[in-house]
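**Student:** Got a file for you: entry10.txt, compact mmCIF, C-alpha atoms.
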# COMPACT_ATOMS: atom_id res chain seq x y z
CA MET A 1380 109.03 68.70 117.97
CA ALA A 1381 110.05 67.55 121.43
CA ALA A 1382 107.56 69.89 123.06
CA LYS A 1383 104.79 68.65 120.83
CA SER A 1384 105.27 64.96 121.66
CA GLY A 1385 105.54 65.88 125.35
CA ALA A 1386 102.19 67.62 125.21
CA TYR A 1387 100.72 64.62 123.45
CA ARG A 1388 101.95 62.28 126.17
CA ARG A 1389 100.50 64.52 128.84
CA GLU A 1390 97.20 64.64 127.02
CA ARG A 1391 96.96 60.84 126.95
CA ALA A 1392 97.99 60.42 130.56
CA GLU A 1393 95.44 62.99 131.71
CA GLY A 1394 92.75 61.34 129.59
CA ASP A 1395 93.35 57.98 131.30
CA GLU A 1396 93.27 59.62 134.67
CA ARG A 1397 89.96 61.29 133.93
CA ASN A 1398 88.41 58.03 132.80
CA LYS A 1399 89.43 56.40 136.04
CA ARG A 1400 88.02 59.26 138.03
CA SER A 1401 84.65 59.16 136.32
CA THR A 1402 84.17 55.41 136.81
CA SER A 1403 85.07 55.51 140.47
CA ALA A 1404 82.71 58.41 141.13
CA ALA A 1405 79.74 57.01 139.24
CA ARG A 1406 76.99 57.30 141.78
CA PRO A 1407 73.50 57.85 140.38
CA ALA A 1408 72.51 60.50 142.91
CA GLU A 1409 75.39 62.70 141.77
CA ASN A 1410 74.78 62.22 138.11
CA THR A 1411 74.41 65.90 137.22
CA ALA A 1412 77.41 66.88 139.26
CA THR A 1413 79.73 64.22 137.86
CA ASN A 1414 78.72 64.83 134.27
CA LEU A 1415 79.63 68.45 134.70
CA ASP A 1416 83.08 69.15 133.33
CA ARG A 1417 84.79 70.47 136.44
CA LEU A 1418 87.83 71.33 134.41
CA ILE A 1419 86.11 74.16 132.57
CA HIS A 1420 83.52 74.91 135.22
CA GLU A 1421 86.08 76.98 137.14
CA ARG A 1422 85.64 80.65 136.19
CA THR A 1423 89.15 81.48 134.99
CA ARG A 1424 89.36 78.32 132.91
CA LEU A 1425 85.85 78.86 131.55
CA ALA A 1426 86.92 82.36 130.51
CA ILE A 1427 90.08 81.07 128.82
CA VAL A 1428 88.11 78.49 126.83
CA SER A 1429 85.36 81.00 125.93
CA ALA A 1430 87.87 83.61 124.77
CA LEU A 1431 89.70 81.08 122.61
CA ALA A 1432 86.43 79.80 121.14
CA VAL A 1433 86.02 83.09 119.26
CA ASN A 1434 89.69 83.58 118.38
CA GLU A 1435 91.93 81.34 116.37
CA SER A 1436 94.69 81.99 118.87
CA LEU A 1437 95.51 84.36 121.69
CA THR A 1438 98.85 85.12 123.29
CA PHE A 1439 99.50 84.81 127.00
CA ASN A 1440 99.53 88.59 127.31
CA GLU A 1441 96.27 88.99 125.42
CA LEU A 1442 94.56 86.48 127.70
CA LYS A 1443 96.06 88.14 130.74
CA GLU A 1444 94.73 91.55 129.72
CA LEU A 1445 91.38 90.15 128.71
CA LEU A 1446 90.80 88.13 131.87
CA ARG A 1447 92.52 90.66 134.11
CA ALA A 1448 94.40 87.75 135.63
CA THR A 1449 97.85 87.62 137.18
CA ASP A 1450 100.73 85.81 135.46
CA GLY A 1451 100.72 83.03 138.03
CA ASN A 1452 96.98 82.51 138.07
CA LEU A 1453 96.68 82.42 134.30
CA SER A 1454 99.62 80.07 133.76
CA VAL A 1455 98.35 77.60 136.36
CA HIS A 1456 94.88 77.45 134.81
CA ALA A 1457 96.16 77.40 131.24
CA ARG A 1458 98.47 74.55 132.16
CA LYS A 1459 95.57 72.53 133.57
CA LEU A 1460 93.61 72.98 130.35
CA GLU A 1461 96.70 72.18 128.32
CA ASP A 1462 97.29 68.99 130.31
CA ALA A 1463 93.71 67.94 129.63
CA GLY A 1464 94.27 68.39 125.91
CA TYR A 1465 91.81 71.29 125.69
CA LEU A 1466 94.45 73.86 124.74
CA GLY A 1467 97.32 73.77 122.34
CA CYS A 1468 100.29 75.90 123.23
CA ALA A 1469 103.08 77.17 120.99
CA LYS A 1470 106.12 78.92 122.38
CA SER A 1471 108.24 81.13 120.19
CA PHE A 1472 110.32 84.26 120.29
CA ASP A 1473 109.22 87.70 119.17
CA GLY A 1474 112.63 89.29 118.87
CA ARG A 1475 114.03 88.54 122.27
CA MET A 1476 110.70 88.36 124.05
CA PRO A 1477 109.34 84.88 124.64
CA LYS A 1478 105.85 84.53 123.26
CA THR A 1479 103.29 81.92 124.24
CA GLU A 1480 100.34 81.39 121.98
CA TYR A 1481 97.28 79.37 122.93
CA ARG A 1482 94.61 77.88 120.76
CA LEU A 1483 91.57 75.71 121.48
CA THR A 1484 91.87 72.06 120.41
CA ALA A 1485 88.97 70.06 118.98
CA ALA A 1486 88.61 68.36 122.36
CA GLY A 1487 88.45 71.77 124.04
CA ARG A 1488 85.76 72.96 121.66
CA ARG A 1489 83.75 69.80 122.28
CA ALA A 1490 84.11 70.26 126.02
CA LEU A 1491 82.77 73.81 125.80
CA GLU A 1492 79.85 72.69 123.63
CA LYS A 1493 79.06 69.94 126.11
CA TYR A 1494 79.23 72.42 128.94
CA LEU A 1495 76.89 74.84 127.13
CA ASN A 1496 74.42 72.02 126.44
CA HIS A 1497 74.63 71.00 130.04
CA MET A 1498 73.78 74.51 131.25
CA GLU A 1499 70.90 74.77 128.79
CA ALA A 1500 69.59 71.37 129.90
CA LEU A 1501 69.69 72.47 133.53
CA ILE A 1502 67.63 75.56 132.70
CA ARG A 1503 65.17 73.51 130.63
CA VAL A 1504 64.70 70.86 133.31
CA THR A 1505 63.97 73.37 136.06
CA ARG A 1506 61.56 75.22 133.79
CA GLU A 1507 59.60 72.04 133.02
CA GLY A 1508 59.65 70.81 136.61
CA MET B 857 88.25 74.31 145.09
CA ALA B 858 85.11 75.83 143.66
CA VAL B 859 82.87 72.79 143.95
CA PRO B 860 79.54 73.55 142.28
CA GLU B 861 77.42 73.06 145.37
CA PRO B 862 74.23 74.58 143.92
CA PHE B 863 74.03 71.76 141.40
CA ARG B 864 73.60 69.22 144.14
CA SER B 865 71.21 71.27 146.21
CA GLN B 866 67.51 70.63 146.20
CA ALA B 867 66.54 74.12 145.04
CA PRO B 868 65.77 73.98 141.30
CA VAL B 869 65.59 77.77 140.99
CA GLY B 870 69.15 78.02 142.27
CA ILE B 871 70.38 75.56 139.67
CA ALA B 872 68.74 77.39 136.80
CA ASP B 873 69.98 80.76 138.00
CA HIS B 874 73.47 79.41 138.34
CA ALA B 875 73.32 77.89 134.85
CA ARG B 876 71.99 81.15 133.41
CA ASP B 877 74.74 83.05 135.16
CA ASN B 878 77.33 80.72 133.65
CA LEU B 879 75.90 81.15 130.17
CA ARG B 880 75.92 84.93 130.58
CA PHE B 881 79.53 84.79 131.74
CA ILE B 882 80.54 82.76 128.67
CA ARG B 883 78.72 85.12 126.31
CA GLU B 884 80.24 88.24 127.86
CA THR B 885 83.73 86.76 127.77
CA MET B 886 83.26 85.85 124.12
CA GLU B 887 82.02 89.34 123.27
CA ARG B 888 84.99 90.98 124.93
CA ALA B 889 87.46 88.49 123.48
CA ALA B 890 86.21 88.89 119.93
CA SER B 891 86.73 92.61 119.87
CA PHE B 892 89.19 93.78 122.41
CA THR B 893 92.21 94.07 120.18
CA ALA B 894 90.44 94.28 116.85
CA VAL B 895 88.76 97.65 117.05
CA PRO B 896 90.70 100.67 118.27
CA GLY B 897 88.25 103.08 119.88
CA TRP B 898 90.48 106.13 120.18
CA GLY B 899 91.63 105.55 116.60
CA GLY B 900 87.97 105.92 115.59
CA VAL B 901 87.72 109.23 117.44
CA ALA B 902 90.90 110.49 115.72
CA MET B 903 89.54 109.41 112.33
CA GLY B 904 86.31 111.24 113.08
CA ILE B 905 88.13 114.45 113.93
CA THR B 906 90.22 114.41 110.75
CA ALA B 907 87.04 113.67 108.79
CA LEU B 908 85.36 116.76 110.22
CA GLY B 909 88.44 118.74 109.19
CA ALA B 910 88.23 117.28 105.72
CA ALA B 911 84.53 118.18 105.55
CA ALA B 912 85.36 121.80 106.40
CA ILE B 913 88.07 121.98 103.73
CA ALA B 914 85.93 120.15 101.16
CA SER B 915 82.96 122.47 101.68
CA ARG B 916 85.09 125.39 100.46
CA GLN B 917 85.93 123.72 97.15
CA ALA B 918 84.12 125.28 94.22
CA SER B 919 83.95 122.27 91.93
CA PRO B 920 83.19 118.58 92.59
CA LEU B 921 86.62 117.21 91.62
CA PRO B 922 88.77 119.01 94.24
CA TRP B 923 85.98 118.31 96.70
CA LEU B 924 86.27 114.61 95.98
CA LEU B 925 90.07 114.70 96.11
CA THR B 926 89.91 116.26 99.58
CA TRP B 927 87.81 113.34 100.77
CA ILE B 928 90.09 110.80 99.07
CA ALA B 929 93.07 112.37 100.86
CA GLU B 930 91.11 112.06 104.11
CA ALA B 931 90.47 108.38 103.35
CA PHE B 932 94.22 107.77 103.14
CA ILE B 933 94.82 109.65 106.41
CA ALA B 934 92.08 107.58 108.06
CA ILE B 935 93.58 104.32 106.76
CA ILE B 936 96.96 105.32 108.21
CA ILE B 937 95.39 106.20 111.59
CA ALA B 938 93.32 102.98 111.65
CA GLY B 939 96.28 100.84 110.59
CA TRP B 940 98.62 102.41 113.10
CA THR B 941 96.23 102.27 116.08
CA THR B 942 95.18 98.70 115.30
CA TYR B 943 98.78 97.65 114.85
CA SER B 944 99.97 99.29 118.05
CA LYS B 945 97.06 97.85 120.00
CA ALA B 946 97.80 94.36 118.72
CA ARG B 947 101.50 94.94 119.35
CA GLN B 948 100.83 95.94 122.95
CA ALA B 949 99.03 92.68 123.51
CA GLY B 950 101.94 90.82 121.91
CA SER B 951 100.09 89.58 118.84
CA SER B 952 100.40 90.44 115.20
CA LEU B 953 97.63 91.97 113.15
CA PHE B 954 97.44 88.91 110.95
CA THR B 955 97.41 86.15 113.53
CA GLY B 956 95.47 87.65 116.43
CA PRO B 957 91.84 88.62 116.77
CA GLY B 958 92.38 91.50 114.35
CA ARG B 959 92.87 89.13 111.45
CA ARG B 960 89.25 88.26 110.92
CA PHE B 961 88.31 91.91 111.11
CA VAL B 962 90.93 92.94 108.54
CA TYR B 963 90.03 90.09 106.19
CA SER B 964 86.31 90.79 106.18
CA PHE B 965 86.76 94.56 106.21
CA ALA B 966 89.15 94.82 103.25
CA PRO B 967 86.99 93.40 100.39
CA PRO B 968 84.19 96.02 100.58
CA LEU B 969 86.83 98.77 100.78
CA PHE B 970 88.50 97.36 97.68
CA VAL B 971 85.16 97.37 95.85
CA GLY B 972 84.61 100.97 96.95
CA ALA B 973 88.00 102.03 95.61
CA LEU B 974 87.34 100.28 92.31
CA LEU B 975 83.90 101.88 91.89
CA THR B 976 85.38 105.29 92.71
CA VAL B 977 87.91 104.92 89.89
CA LEU B 978 85.12 103.78 87.57
CA HIS B 979 82.90 106.78 88.39
CA LEU B 980 85.82 109.20 88.11
CA ARG B 981 86.64 107.89 84.64
CA SER B 982 83.08 108.39 83.47
CA SER B 983 82.93 111.77 85.29
CA GLU B 984 79.82 110.68 87.13
CA ILE B 985 80.74 111.32 90.73
CA GLY B 986 77.22 111.74 92.11
CA PRO B 987 76.86 108.26 93.64
CA ILE B 988 80.41 108.13 95.07
CA PRO B 989 79.70 109.49 98.61
CA GLY B 990 76.71 107.18 99.03
CA GLN B 991 78.74 104.20 97.87
CA TRP B 992 81.58 105.05 100.23
CA LEU B 993 79.26 105.19 103.22
CA LEU B 994 77.42 102.02 102.18
CA LEU B 995 80.52 99.94 101.48
CA TYR B 996 82.38 101.17 104.55
CA GLY B 997 79.31 100.28 106.59
CA THR B 998 79.20 96.85 104.94
CA GLY B 999 82.82 96.26 105.93
CA VAL B 1000 82.17 97.26 109.52
CA VAL B 1001 79.05 95.06 109.72
CA THR B 1002 80.78 91.97 108.33
CA GLY B 1003 84.03 92.61 110.18
CA GLY B 1004 82.19 93.17 113.43
CA ALA B 1005 79.63 90.41 112.99
CA PHE B 1006 81.13 88.34 115.80
CA SER B 1007 82.32 91.32 117.76
CA ILE B 1008 80.63 93.33 120.47
CA ARG B 1009 77.22 94.41 119.23
CA ILE B 1010 78.13 98.06 119.04
CA VAL B 1011 80.51 97.45 116.10
CA PRO B 1012 77.97 96.04 113.61
CA LEU B 1013 75.52 98.67 114.89
CA MET B 1014 77.96 101.39 113.81
CA GLY B 1015 78.23 99.67 110.41
CA LEU B 1016 74.44 99.68 110.06
CA CYS B 1017 74.34 103.42 110.82
CA PHE B 1018 76.90 103.99 108.06
CA MET B 1019 74.78 101.93 105.66
CA VAL B 1020 71.66 103.94 106.49
CA LEU B 1021 73.52 107.19 105.83
CA GLY B 1022 74.85 105.72 102.58
CA ALA B 1023 71.37 104.77 101.43
CA VAL B 1024 70.14 108.29 102.25
CA ALA B 1025 73.12 109.80 100.38
CA LEU B 1026 72.42 107.79 97.23
CA PHE B 1027 68.98 109.36 96.94
CA SER B 1028 69.89 112.85 98.14
CA PRO B 1029 70.85 115.94 96.16
CA TRP B 1030 74.53 116.71 95.64
CA THR B 1031 74.44 119.63 98.09
CA TRP B 1032 73.72 117.23 100.96
CA GLN B 1033 76.64 114.90 100.28
CA ASN B 1034 79.30 116.81 102.21
CA ALA B 1035 77.13 116.96 105.34
CA LEU B 1036 76.29 113.26 105.06
CA LEU B 1037 79.97 112.30 104.75
CA ALA B 1038 80.77 114.52 107.74
CA ALA B 1039 77.95 112.92 109.74
CA GLY B 1040 79.21 109.42 108.88
CA PHE B 1041 82.99 109.48 108.82
CA GLY B 1042 83.10 112.32 111.34
CA GLY B 1043 80.11 111.97 113.67
CA LEU B 1044 79.64 108.19 113.79
CA HIS B 1045 83.38 107.55 114.22
CA ILE B 1046 83.64 109.99 117.12
CA ILE B 1047 80.50 108.78 118.91
CA PHE B 1048 81.08 105.03 118.50
CA GLY B 1049 84.85 105.34 118.89
CA ALA B 1050 84.45 107.10 122.23
CA VAL B 1051 81.98 104.49 123.47
CA ILE B 1052 84.21 101.58 122.37
CA ALA B 1053 87.29 103.20 123.90
CA ARG B 1054 85.60 103.84 127.23
CA LYS B 1055 83.74 100.57 127.54
CA TYR B 1056 86.11 98.12 125.89
CA GLY B 1057 89.56 99.37 126.74
CA GLY B 1058 91.13 101.66 124.14
Would you write out, as structure tokens, the structure that this file holds?
**Tutor:**
Amino acid sequence: MAAKSGAYRRERAEGDERNKRSTSAARPAENTATNLDRLIHERTRLAIVSALAVNESLTFNELKELLRATDGNLSVHARKLEDAGYLGCAKSFDGRMPKTEYRLTAAGRRALEKYLNHMEALIRVTREG
Amino acid sequence: MAVPEPFRSQAPVGIADHARDNLRFIRETMERAASFTAVPGWGGVAMGITALGAAAIASRQASPLPWLLTWIAEAFIAIIIAGWTTYSKARQAGSSLFTGPGRRFVYSFAPPLFVGALLTVLHLRSSEIGPIPGQWLLLYGTGVVTGGAFSIRIVPLMGLCFMVLGAVALFSPWTWQNALLAAGFGGLHIIFGAVIARKYGG
């Protein structure tokens, strides 16, 4: 329970922060760059989101094996996505082993869809121009 | 920080290439993620080898009933191998068969197998075992196609091969059935299992 409300608080705080960032950086010349979701543009985070888009949930170890990432690298990037409200995270115990399970939130799925549309739009625009 | 410089550059070709590269990266990650724990490659090879053994034993049976029972016994051995390798693979990755990526595969794979078992009982009761091998191949193939629909492309492709063999078996003479079962449950499992194991990690 406590962990859940904590995550919720973080999600809201991060959301506010992002809104601030986008208004302060709203320069027309950089429109394409600012609209791009930097949070999932980074390769490891993009891989985490993509992997979770086709699985209901994946454990930390599954993601680690899949992405061939180190513990530290994966946890840093997963935390960033979690803080943004893109990932949900459930911690439990499998016997005595701690188990962390990630799943994509609705916001995370939307972010990936937006990112995909963005990439497709970029390809379309350059083809037409 | 990996700032996406190409997006601000003036070269439109660079932007499109970068975007295409990103899309390819997403697709490849999804393909690997959808299948990497679900389908045990070496398990497929092991199932194929036992199936070839079963084909050899079955070919020596004089009448259709012991022939069929040999293959049914092989089916149970294969289910145990598949279950155990899938379970241990999921276990290694720290997930359970029914919560991780394997769940969708199991859920879409089981119904056609259930139908196959039911039809086998039905045909055995009416002593009309001619269509059984064809149905097995067809329904097993159906399960693999549906279970692997969102997986790496090689999985549904294996299912399609099974379905083709099943269709051939349905319209082939009884003397061909043993070879067709061996080609499917033996040959296809070994070939595709080895490819999956080598390319997609176990």
**Student:** Identify every residue of chain A that has at least one atom within 10 Å of any atom of chain B, counting all atoms listed in the file, and report the result as number ranges by chain.
**Tutor:** A: 1408-1412, 1415, 1417, 1420-1422, 1425-1446, 1473, 1476-1480, 1491, 1494-1506, 1508
**Student:** Which distance in Å separates atom CA of Trp1030 of chain B and atom CA of Leu993 of chain B, to one decimal?
**Tutor:**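 Value for the atom CA of Trp1030 of chain B-atom CA of Leu993 of chain B distance: 14.6 Å.
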**Student:** Please enclose the listed atoms of segment 1477-1487 of chain A in an axis-aligned box, pad each side by 4 Å, and write out the centre and the three edge lengths in Å, rounded to one decimal, as JSON.
**Tutor:**
{"center_x": 98.9, "center_y": 76.6, "center_z": 121.8, "size_x": 28.9, "size_y": 24.5, "size_z": 13.7}
**Student:** Which polymer residues have any atom within 7 Å of an atom of segment 964-974 of chain B, counting all atoms listed in the file, with same-chain residues fewer than 2 positions away left out, as a list of chain:residue names?
**Tutor:** B:Arg960, B:Phe961, B:Val962, B:Thr976, B:Val977, B:Leu978, B:Gln991, B:Trp992, B:Leu995, B:Tyr996, B:Thr998, B:Gly999, B:Val1000, B:Thr1002, B:Gly1003
**Student:** Within 10 Å of Leu1466 of chain A, counting all atoms listed in the file, which residues qualify if same-chain residues fewer than 2 places away don't, as a PyMOL selection string?
**Tutor:** chain A and resi 1386+1390+1427-1428+1431+1457-1464+1468-1469+1480-1488
**Student:** Here is a test: counting only C-alpha atoms, which residue of B:Ala910, B:Ser944, B:Gly1043, B:Ala1025 is nearest to Pro922 of chain B?
**Tutor:**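 Selected residue with least distance to Pro922 of chain B: B:Ala910.
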**Student:** Taking 5 positions as the minimum chain separation for residues in the same chain, which residues sit within 8 Å of Leu1044 of chain B when counting only C-alpha atoms? Answer as a list in words.
**Tutor:**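 Here the answer would be Gly904, Met1014, Cys1017, Phe1018, Ala1039 and Gly1049 of chain B.
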**Student:** So how far away is atom CA of Arg1009 of chain B from atom CA of Gly990 of chain B, in Å?
**Tutor:**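 It comes out at 23.9 Å.
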**Student:** Just how far from atom CA of Arg1489 of chain A is atom CA of Asp1450 of chain A, in Å to one decimal?
**Tutor:** 26.8 Å
**Student:** For a quick check of understanding, using all atoms listed in the file, which of B:Ala912, B:Val901, B:Ile1010, B:Ile1046 has the smallest distance to Thr941 of chain B?
**Tutor:** B:Val901
